[in-house]
>>> print(open('final-v8.tsv').read())   # TSV, C-alpha atoms
chain	number	residue	atom	x	y	z
A	1	MET	CA	18.47	17.08	-4.71
A	2	THR	CA	22.10	18.20	-4.89
A	3	VAL	CA	21.43	19.86	-8.25
A	4	LEU	CA	18.37	21.56	-6.73
A	5	VAL	CA	20.47	22.83	-3.81
A	6	LEU	CA	23.00	24.36	-6.22
A	7	ALA	CA	20.30	25.82	-8.49
A	8	LEU	CA	18.37	27.39	-5.62
A	9	GLY	CA	21.63	28.69	-4.19
A	10	LEU	CA	22.39	30.43	-7.49
A	11	VAL	CA	18.90	31.97	-7.57
A	12	GLY	CA	19.37	33.13	-3.97
A	13	LEU	CA	22.65	34.82	-4.87
A	14	CYS	CA	21.09	36.50	-7.91
A	15	TYR	CA	17.88	37.67	-6.24
A	16	GLY	CA	17.67	40.87	-4.25
A	17	ALA	CA	16.62	44.50	-4.46
A	18	SER	CA	18.56	44.52	-7.74
A	19	TRP	CA	18.85	41.33	-9.83
A	20	SER	CA	22.40	40.12	-10.46
A	21	THR	CA	23.26	37.99	-13.46
A	22	PRO	CA	24.89	34.56	-12.98
A	23	ARG	CA	28.06	35.98	-14.56
A	24	GLU	CA	28.18	38.70	-11.89
A	25	VAL	CA	27.63	36.10	-9.18
A	26	PHE	CA	30.46	33.85	-10.39
A	27	ALA	CA	32.74	36.86	-10.80
A	28	ALA	CA	32.01	37.98	-7.23
A	29	LEU	CA	32.54	34.48	-5.81
A	30	SER	CA	35.83	34.03	-7.66
A	31	GLY	CA	37.07	37.44	-6.53
A	32	ALA	CA	37.33	38.80	-10.07
A	33	GLU	CA	34.90	41.60	-9.17
A	34	PRO	CA	34.31	42.96	-5.64
A	35	SER	CA	30.68	42.75	-4.54
A	36	VAL	CA	29.65	43.41	-0.96
A	37	VAL	CA	26.00	42.62	-1.75
A	38	ILE	CA	26.68	39.13	-3.12
A	39	ARG	CA	29.56	38.01	-0.91
A	40	ASP	CA	28.71	39.67	2.40
A	41	TRP	CA	24.89	39.93	2.30
A	42	ARG	CA	23.45	37.20	0.10
A	43	LEU	CA	26.06	34.42	0.44
A	44	PRO	CA	25.77	34.00	4.24
A	45	ARG	CA	21.98	33.79	3.92
A	46	VAL	CA	22.14	31.17	1.18
A	47	LEU	CA	24.68	29.07	3.08
A	48	ALA	CA	22.62	29.40	6.26
A	49	ALA	CA	19.55	28.06	4.42
A	50	VAL	CA	21.57	25.08	3.15
A	51	VAL	CA	23.31	24.21	6.41
A	52	PHE	CA	20.36	24.91	8.71
A	53	GLY	CA	17.97	23.05	6.41
A	54	ALA	CA	20.31	20.05	6.38
A	55	ALA	CA	20.63	20.17	10.17
A	56	LEU	CA	16.85	20.26	10.64
A	57	GLY	CA	16.41	17.43	8.14
A	58	VAL	CA	18.90	15.25	10.00
A	59	ALA	CA	17.34	16.13	13.37
A	60	GLY	CA	13.94	15.08	12.05
A	61	ALA	CA	15.37	11.85	10.64
A	62	LEU	CA	17.00	11.02	13.97
A	63	PHE	CA	13.81	11.42	15.97
A	64	GLN	CA	11.68	9.65	13.36
A	65	ASN	CA	14.10	6.72	13.49
A	66	LEU	CA	14.11	6.87	17.26
A	67	THR	CA	10.32	6.88	17.56
A	68	ARG	CA	9.66	4.85	14.38
A	69	ASN	CA	6.90	7.33	13.68
A	70	PRO	CA	6.68	9.95	10.86
A	71	MET	CA	5.21	12.38	13.42
A	72	GLY	CA	8.30	12.18	15.61
A	73	SER	CA	10.07	15.42	14.72
A	74	PRO	CA	11.58	18.06	17.03
A	75	ASP	CA	8.93	20.70	16.31
A	76	VAL	CA	6.03	18.30	16.97
A	77	ILE	CA	7.32	16.77	20.21
A	78	GLY	CA	8.35	20.08	21.76
A	79	LEU	CA	12.11	20.36	21.29
A	80	ASP	CA	11.80	23.54	19.22
A	81	ALA	CA	9.58	25.03	21.92
A	82	GLY	CA	12.08	23.98	24.61
A	83	ALA	CA	14.98	25.55	22.73
A	84	TYR	CA	12.89	28.71	22.34
A	85	THR	CA	12.23	28.71	26.10
A	86	GLY	CA	15.95	28.64	26.79
A	87	ALA	CA	16.51	31.48	24.35
A	88	LEU	CA	13.67	33.48	25.93
A	89	VAL	CA	15.26	33.10	29.36
A	90	ALA	CA	18.55	34.37	27.90
A	91	LEU	CA	16.72	37.36	26.36
A	92	THR	CA	14.59	38.29	29.36
A	93	VAL	CA	16.74	37.36	32.36
A	94	LEU	CA	20.26	37.71	30.96
A	95	SER	CA	21.68	40.20	28.48
A	96	GLY	CA	20.81	38.07	25.43
A	97	THR	CA	24.26	37.79	23.84
A	98	SER	CA	24.88	35.28	21.04
A	99	ALA	CA	26.68	32.91	23.41
A	100	GLN	CA	23.85	33.11	25.96
A	101	LEU	CA	21.23	32.48	23.26
A	102	ALA	CA	23.14	29.44	22.00
A	103	ALA	CA	23.69	28.01	25.49
A	104	GLY	CA	20.10	28.73	26.54
A	105	SER	CA	18.68	27.10	23.41
A	106	VAL	CA	20.74	23.94	23.84
A	107	LEU	CA	19.97	23.70	27.56
A	108	GLY	CA	16.25	24.30	27.02
A	109	GLY	CA	16.07	21.65	24.30
A	110	LEU	CA	17.97	19.13	26.44
A	111	VAL	CA	15.73	19.71	29.46
A	112	VAL	CA	12.56	19.20	27.44
A	113	ALA	CA	14.05	16.12	25.74
A	114	ALA	CA	14.96	14.65	29.13
A	115	VAL	CA	11.47	15.30	30.52
A	116	ILE	CA	9.79	13.71	27.50
A	117	TYR	CA	12.10	10.69	27.55
A	118	LEU	CA	11.63	10.08	31.29
A	119	LEU	CA	7.85	10.40	31.03
A	120	ALA	CA	7.74	8.10	27.99
A	121	TYR	CA	9.97	5.41	29.50
A	122	ASP	CA	7.82	2.79	31.22
A	123	ARG	CA	9.49	-0.63	31.51
A	124	GLY	CA	10.83	-0.07	28.02
A	125	PHE	CA	10.90	2.45	25.21
A	126	SER	CA	7.83	3.20	23.08
A	127	GLY	CA	8.06	5.57	20.13
A	128	LEU	CA	4.31	6.16	20.00
A	129	ARG	CA	4.21	6.98	23.72
A	130	LEU	CA	7.09	9.41	23.24
A	131	VAL	CA	5.26	11.23	20.42
A	132	VAL	CA	2.00	11.50	22.37
A	133	ILE	CA	3.76	12.76	25.50
A	134	GLY	CA	5.88	15.08	23.38
A	135	VAL	CA	2.77	16.69	21.86
A	136	ALA	CA	1.41	17.31	25.37
A	137	VAL	CA	4.73	18.71	26.63
A	138	ASN	CA	4.93	20.89	23.51
A	139	ALA	CA	1.57	22.45	24.38
A	140	MET	CA	2.66	23.16	27.97
A	141	VAL	CA	6.03	24.61	26.96
A	142	THR	CA	4.36	26.79	24.32
A	143	ALA	CA	2.03	28.16	27.00
A	144	LEU	CA	5.08	28.84	29.21
A	145	ASN	CA	6.74	30.71	26.35
A	146	SER	CA	3.64	32.88	25.89
A	147	TRP	CA	3.65	33.69	29.62
A	148	ILE	CA	7.33	34.67	29.51
A	149	VAL	CA	6.73	36.97	26.54
A	150	LEU	CA	3.71	38.59	28.21
A	151	ARG	CA	5.73	39.24	31.38
A	152	ALA	CA	8.73	40.67	29.54
A	153	GLU	CA	9.42	44.34	28.87
A	154	LEU	CA	7.82	45.70	25.71
A	155	GLU	CA	11.03	45.99	23.67
A	156	VAL	CA	12.17	42.50	24.63
A	157	ALA	CA	8.71	41.06	23.98
A	158	ILE	CA	8.57	42.59	20.49
A	159	ALA	CA	12.02	41.23	19.67
A	160	ALA	CA	11.15	37.79	21.05
A	161	VAL	CA	7.87	37.53	19.12
A	162	GLY	CA	9.53	38.61	15.88
A	163	TRP	CA	12.37	36.17	16.41
A	164	SER	CA	9.96	33.33	17.24
A	165	ALA	CA	8.68	33.26	13.65
A	166	GLY	CA	12.02	31.92	12.45
A	167	SER	CA	13.90	34.16	10.06
A	168	LEU	CA	17.07	34.27	7.97
A	169	ASN	CA	16.76	38.02	7.45
A	170	ASP	CA	19.90	39.94	8.43
A	171	VAL	CA	22.01	36.78	8.84
A	172	ASP	CA	25.67	37.66	8.19
A	173	TRP	CA	29.08	36.04	8.53
A	174	ASP	CA	29.35	36.94	12.22
A	175	ASP	CA	26.21	34.90	12.94
A	176	VAL	CA	27.10	31.66	11.15
A	177	GLY	CA	30.74	30.84	11.92
A	178	ILE	CA	30.27	29.01	15.23
A	179	PRO	CA	26.88	27.44	14.31
A	180	PHE	CA	28.31	26.01	11.09
A	181	THR	CA	31.19	24.49	13.04
A	182	VAL	CA	28.90	22.97	15.69
A	183	ILE	CA	26.52	21.54	13.09
A	184	GLY	CA	29.43	20.13	11.08
A	185	ILE	CA	30.80	18.33	14.14
A	186	LEU	CA	27.36	16.95	15.07
A	187	LEU	CA	26.65	15.71	11.54
A	188	ALA	CA	30.08	14.07	11.29
A	189	LEU	CA	29.53	12.41	14.67
A	190	ILE	CA	26.15	10.91	13.79
A	191	ALA	CA	27.41	9.84	10.34
A	192	THR	CA	29.79	7.42	12.07
A	193	ARG	CA	26.78	5.75	13.75
A	194	ALA	CA	24.41	5.78	10.77
A	195	HIS	CA	24.78	2.04	10.14
A	196	ALA	CA	23.99	1.19	13.76
A	197	MET	CA	21.00	3.55	13.65
A	198	HIS	CA	19.53	1.75	10.64
A	199	GLN	CA	20.11	-1.60	12.33
A	200	ALA	CA	18.16	-0.32	15.33
A	201	SER	CA	15.30	0.71	13.04
A	202	LEU	CA	14.82	-2.98	12.18
A	203	GLY	CA	13.89	-3.73	15.77
A	204	ASP	CA	15.49	-3.94	19.19
A	205	ALA	CA	16.10	-7.69	18.95
A	206	VAL	CA	17.92	-7.41	15.62
A	207	ALA	CA	19.98	-4.47	16.87
A	208	VAL	CA	21.05	-6.25	20.07
A	209	THR	CA	22.03	-9.44	18.26
A	210	THR	CA	24.22	-7.45	15.86
A	211	GLY	CA	26.06	-5.75	18.73
A	212	VAL	CA	24.34	-2.35	18.80
A	213	GLY	CA	24.27	-0.69	22.23
A	214	LEU	CA	20.75	0.70	22.10
A	215	ASP	CA	20.92	2.91	25.19
A	216	ARG	CA	24.14	4.63	24.10
A	217	LEU	CA	22.88	4.96	20.52
A	218	ARG	CA	19.57	6.49	21.59
A	219	LEU	CA	21.34	8.94	23.88
A	220	LEU	CA	23.64	10.00	21.04
A	221	MET	CA	20.68	10.40	18.65
A	222	VAL	CA	18.86	12.59	21.16
A	223	LEU	CA	21.94	14.73	21.85
A	224	VAL	CA	22.73	15.25	18.16
A	225	GLY	CA	19.08	15.93	17.29
A	226	VAL	CA	18.69	18.44	20.11
A	227	GLY	CA	22.06	20.01	19.30
A	228	CYS	CA	21.15	20.56	15.63
A	229	THR	CA	17.69	21.91	16.48
A	230	ALA	CA	18.93	24.21	19.25
A	231	THR	CA	21.83	25.55	17.17
A	232	VAL	CA	19.48	26.55	14.36
A	233	THR	CA	17.01	28.03	16.86
A	234	ALA	CA	19.73	30.10	18.53
A	235	VAL	CA	20.52	31.86	15.23
A	236	ALA	CA	17.31	31.89	13.22
A	237	GLY	CA	14.60	31.15	15.77
A	238	PRO	CA	12.34	28.09	15.64
A	239	ILE	CA	11.74	27.17	11.99
A	240	ALA	CA	8.79	24.81	11.93
A	241	PHE	CA	7.98	21.73	9.83
A	242	ILE	CA	11.28	21.36	7.91
A	243	ALA	CA	12.32	18.61	10.33
A	244	LEU	CA	8.91	16.97	9.98
A	245	ALA	CA	8.62	16.90	6.20
A	246	ALA	CA	12.20	16.54	4.94
A	247	PRO	CA	12.94	13.01	6.27
A	248	GLN	CA	9.77	11.47	4.83
A	249	ILE	CA	10.16	13.20	1.45
A	250	GLY	CA	13.82	12.13	1.32
A	251	ARG	CA	12.91	8.55	2.29
A	252	ARG	CA	10.38	8.32	-0.54
A	253	LEU	CA	12.79	9.80	-3.09
A	254	ALA	CA	15.51	7.37	-2.03
A	255	GLY	CA	13.13	4.40	-1.88
A	256	ALA	CA	14.67	3.44	1.45
A	257	PRO	CA	12.97	1.19	4.03
A	258	GLY	CA	14.08	3.36	6.94
A	259	VAL	CA	14.68	7.11	7.25
A	260	PRO	CA	18.20	7.68	5.84
A	261	LEU	CA	20.18	10.72	6.91
A	262	LEU	CA	21.67	11.97	3.64
A	263	PRO	CA	18.37	12.26	1.70
A	264	ALA	CA	16.82	13.95	4.75
A	265	ALA	CA	19.68	16.46	4.90
A	266	LEU	CA	19.51	17.29	1.18
A	267	THR	CA	15.72	17.56	1.23
A	268	GLY	CA	15.85	19.81	4.30
A	269	ALA	CA	18.32	22.09	2.53
A	270	VAL	CA	16.09	22.30	-0.56
A	271	LEU	CA	12.93	22.97	1.48
A	272	LEU	CA	14.50	25.74	3.56
A	273	GLN	CA	16.10	27.38	0.52
A	274	ALA	CA	12.81	27.31	-1.39
A	275	ALA	CA	10.85	28.60	1.61
A	276	ASP	CA	13.33	31.46	2.11
A	277	LEU	CA	13.15	32.49	-1.55
A	278	ILE	CA	9.34	32.47	-1.40
A	279	ALA	CA	9.49	34.52	1.80
A	280	GLN	CA	11.67	37.12	0.04
A	281	MET	CA	9.56	37.28	-3.11
A	282	LEU	CA	6.02	37.03	-1.78
A	283	LEU	CA	5.67	40.62	-0.49
A	284	ALA	CA	8.82	42.11	-2.03
A	285	PRO	CA	10.53	44.39	-1.16
A	286	VAL	CA	9.44	43.31	2.35
A	287	ALA	CA	11.02	39.96	3.28
A	288	LEU	CA	8.80	37.71	5.38
A	289	PRO	CA	10.26	35.44	8.08
A	290	VAL	CA	10.97	32.07	6.51
A	291	GLY	CA	9.10	30.36	9.35
A	292	VAL	CA	5.82	31.84	8.07
A	293	VAL	CA	6.26	30.11	4.70
A	294	SER	CA	7.58	26.83	6.14
A	295	THR	CA	4.63	26.68	8.55
A	296	ALA	CA	2.14	27.20	5.72
A	297	ILE	CA	3.77	24.51	3.57
A	298	GLY	CA	4.29	22.20	6.53
A	299	GLY	CA	0.70	22.57	7.66
A	300	CYS	CA	-0.51	21.21	4.31
A	301	TYR	CA	1.99	18.36	4.58
A	302	LEU	CA	0.89	17.59	8.14
A	303	ILE	CA	-2.77	17.38	7.08
A	304	TRP	CA	-1.82	14.98	4.28
A	305	LEU	CA	0.32	12.89	6.65
A	306	LEU	CA	-2.39	12.66	9.30
A	307	THR	CA	-4.98	11.69	6.68
A	308	LYS	CA	-2.69	8.94	5.39
A	309	GLU	CA	-1.97	7.61	8.89
A	310	VAL	CA	-5.70	7.54	9.76
A	311	ARG	CA	-6.51	5.61	6.58
A	312	ARG	CA	-3.70	3.14	7.30
A	313	ALA	CA	-5.01	2.61	10.86
>>> encode(input="final-v8.tsv", output="structure tokens")
Amino acid sequence: MTVLVLALGLVGLCYGASWSTPREVFAALSGAEPSVVIRDWRLPRVLAAVVFGAALGVAGALFQNLTRNPMGSPDVIGLDAGAYTGALVALTVLSGTSAQLAAGSVLGGLVVAAVIYLLAYDRGFSGLRLVVIGVAVNAMVTALNSWIVLRAELEVAIAAVGWSAGSLNDVDWDDVGIPFTVIGILLALIATRAHAMHQASLGDAVAVTTGVGLDRLRLLMVLVGVGCTATVTAVAGPIAFIALAAPQIGRRLAGAPGVPLLPAALTGAVLLQAADLIAQMLLAPVALPVGVVSTAIGGCYLIWLLTKEVRRA
């Protein structure tokens, strides 16, 4: 997967309105030849696909470990929709600056996560109950988002609808500095608790007997998962299905009993890079939003996953 990340990154740096050779790419990256197109236009987009894909993969792995259900990803249980609600409020009520979008996305995701968790908690924690309630909350929040867009001014509504598809078009260095830092801190934080998370996936009794504080661990997993999802949403909009598919694909490639974080992160990076390249090439020279491609691919994966779960039941 690491080799695929590097290979897709090279293709992303070469591809554009005019094709650049690998030699030109390496010369531009090393500073031997100045190239605004490669270093200032293409490189931020490629790095955003890698970092945002990894963040979504880890967020999906966290919630799938938390719920012990392959359907338990942020976009299925409503966290993407909640982060989008917060961003919509920042766009329609406030002035819609980058800081307001980021804060609104995080706050919206946290509010929806808290609502889902409180509704799902009934004399104990049930992953299946959380997924079912999350699907219902997702539907209600999506309806709220549609109402907000319909009530907004025309220019704001057009911008909000376009942004809701999830896109890496026009991402530059000014857009990724703070999000990369936030995601890096969140990933480093959860990496220190990865062992405890995998102990918890073996069952509450095993986790408690080995000294894992389940309540604190679950709170940290929710905060990191929401933080990763909301940070990506604040910059690129809600990108669907990467968080759903990447953890399960990574788990199968790694042959792991649980849902490990590193394979999920690498798989998420590969999926988002591939989806973004397809989005650029499909109707070239017009670049589609990457969310359109990820939704199409993820929809096929979701059908396969549901069919497999029904047969297992």
>>> closest_atom_pairs(input="final-v8.tsv", of="stretch 59-84 of chain A", to="stretch 95-112 of chain A", cutoff="10 Å", atoms="all atoms listed in the file", output="CSV")
residue,atom,partner,partner_atom,distance
A:Pro74,CA,A:Gly109,CA,9.3
A:Ile77,CA,A:Val112,CA,9.3
A:Gly78,CA,A:Val112,CA,7.1
A:Leu79,CA,A:Gly109,CA,5.1
A:Asp80,CA,A:Gly109,CA,6.9
A:Ala81,CA,A:Gly109,CA,7.7
A:Gly82,CA,A:Gly109,CA,4.6
A:Ala83,CA,A:Ser105,CA,4.1
A:Tyr84,CA,A:Ser105,CA,6.1
>>> residues_around(input="final-v8.tsv", residues="A:Leu220", least_positions_apart="2", cutoff="12 Å", atoms="only C-alpha atoms", output="PyMOL selection string")
chain A and resi 59+62-63+66+186-187+189-194+196-197+213-218+222-227
>>> atom_distance(input="final-v8.tsv", atom1="atom CA of A:Val176", atom2="atom CA of A:Arg251")
28.5 Å
>>> axis_aligned_box(input="final-v8.tsv", around="stretch 29-42 of chain A", padding_each_side="6 Å", output="lines of an AutoDock Vina configuration file")
center_x = 30.4
center_y = 38.7
center_z = -3.8
size_x = 25.9
size_y = 21.4
size_z = 24.5
>>> closest_residue(input="final-v8.tsv", among="A:Pro22, A:Pro179, A:Gly134, A:Pro44", to="A:Val115", atoms="only C-alpha atoms")
A:Gly134
>>> residues_around(input="final-v8.tsv", residues="A:Leu244", least_positions_apart="6", cutoff="7 Å", atoms="all atoms listed in the file", output="PDB file with C-alpha atoms, in the frame of the given file")
ATOM      1  CA  GLY A  60      13.940  15.080  12.050  1.00  0.00           C
ATOM      2  CA  MET A  71       5.210  12.380  13.420  1.00  0.00           C
ATOM      3  CA  SER A  73      10.070  15.420  14.720  1.00  0.00           C
TER       4      SER A  73
END
>>> residues_around(input="final-v8.tsv", residues="stretch 29-41 of chain A", least_positions_apart="6", cutoff="12 Å", atoms="all atoms listed in the file", output="compact mmCIF listing (two decimals) with C-alpha atoms, in the coordinates of the input")
# COMPACT_ATOMS: atom_id res chain seq x y z
CA GLY A 9 21.63 28.69 -4.19
CA LEU A 10 22.39 30.43 -7.49
CA VAL A 11 18.90 31.97 -7.57
CA GLY A 12 19.37 33.13 -3.97
CA LEU A 13 22.65 34.82 -4.87
CA CYS A 14 21.09 36.50 -7.91
CA TYR A 15 17.88 37.67 -6.24
CA GLY A 16 17.67 40.87 -4.25
CA ALA A 17 16.62 44.50 -4.46
CA SER A 18 18.56 44.52 -7.74
CA TRP A 19 18.85 41.33 -9.83
CA SER A 20 22.40 40.12 -10.46
CA THR A 21 23.26 37.99 -13.46
CA PRO A 22 24.89 34.56 -12.98
CA ARG A 23 28.06 35.98 -14.56
CA LEU A 47 24.68 29.07 3.08
CA ALA A 48 22.62 29.40 6.26
CA LEU A 168 17.07 34.27 7.97
CA ASN A 169 16.76 38.02 7.45
CA ASP A 170 19.90 39.94 8.43
CA VAL A 171 22.01 36.78 8.84
CA ASP A 172 25.67 37.66 8.19
CA TRP A 173 29.08 36.04 8.53
CA ASP A 174 29.35 36.94 12.22
CA ASP A 175 26.21 34.90 12.94
CA VAL A 176 27.10 31.66 11.15
